[in-house]
Amino acid sequence: MVTDARRIVVKVGSSSISGANAWQIAPLVLALASAHRRGVEVVLVSSGAIATGIPFLELDSRPADLATQQAAAAVGQSVLVHRYQAALDPYGIVAGQVLLTAGDIDDPTHRSNAQRAMERLLQLRILPIVNENDTVATQEIRFGDNDRLAGLVARLIDADLLVLLSDVDALYTKPPHLDGAEKIEYVALGDRLAGVEIGSIGSAGVGTGGAQTKVSAARHAAESGTAVILTSTALVADALTGAPVGTFFESARK
């Protein structure tokens, strides 16, 4: 299934590509470029604008107030895209920035415009980099996490595969740091994961998502016909080449 996917959405979180982990942009981009070179249409949904902007505002941690979050996003988004483009340059790939709000997805006209733009970018072999438009989003309408955004983007462009990345290699029966946690390799369509204790996943402090948001996004994407892999950023290259890594969510037939 993975090797047959012709259109893939990859989502990476703030903790994986900002701060001390900014070095992971290079291997992430290598994996994306390798898929792109095989003829796959690739879309990257990347968090990290606020986290990237924090040091430039000389702040010690993620700001709590919306205005400062917006300011950090305004600074961080341009820096983040520049870092991605610098990493893509050796492969001759051009990135295209797409910023969305919840209102863009809810409004039929805006949604149609976003879909048309994304389709054209892919036709032109541009690699779209999607993020929530944190500079203008408000607490009332924002996606809340980019796992949900990634699921909506996958549905918007009718992707074959959605890869949700975090700091943990897979979904487990309980938080992986607890004794007795067992890796879940496969989730059948409609499986409600009864008895699974879905706790936190990934690093706290700079991101907003967790295991619950990833499982929710995975379920919605799978129900709409997009298969999903949940794994770690370190294993993205393996995931995109069909290696048996992470947790695979079976999708409905399109």
# chains A, B, ... in the order shown; residues from 1 in each chain; ligands from 1

$ closest_atom_pairs --of "stretch 107-157 of chain A" --to "stretch 73-88 of chain A" --cutoff "8 Å" --atoms "only C-alpha atoms" --output "CSV"
residue,atom,partner,partner_atom,distance
A:Ile129,CA,A:Val81,CA,7.9
A:Asp134,CA,A:Ala73,CA,5.9
A:Thr135,CA,A:Ala74,CA,5.7

$ select_by_dssp --residues "stretch 61-112 of chain A" --states "strand (DSSP E or B)" --output "NGL selection string"
:A and (95-100)

$ closest_atom_pairs --of "stretch 113-164 of chain A" --to "stretch 33-38 of chain A" --cutoff "12 Å" --atoms "only C-alpha atoms" --output "CSV"
residue,atom,partner,partner_atom,distance
A:Leu122,CA,A:His36,CA,10.4
A:Arg125,CA,A:His36,CA,8.3
A:Ile126,CA,A:His36,CA,9.6
A:Leu127,CA,A:His36,CA,8.4
A:Pro128,CA,A:His36,CA,11.8

$ atom_distance --atom1 "atom CA of A:Leu66" --atom2 "atom CA of A:Gly13"
19.6 Å

$ select_by_dssp --residues "stretch 93-152 of chain A" --states "alpha helix (DSSP H)" --output "ChimeraX atom specification"
/A:102-106,108-123,146-152
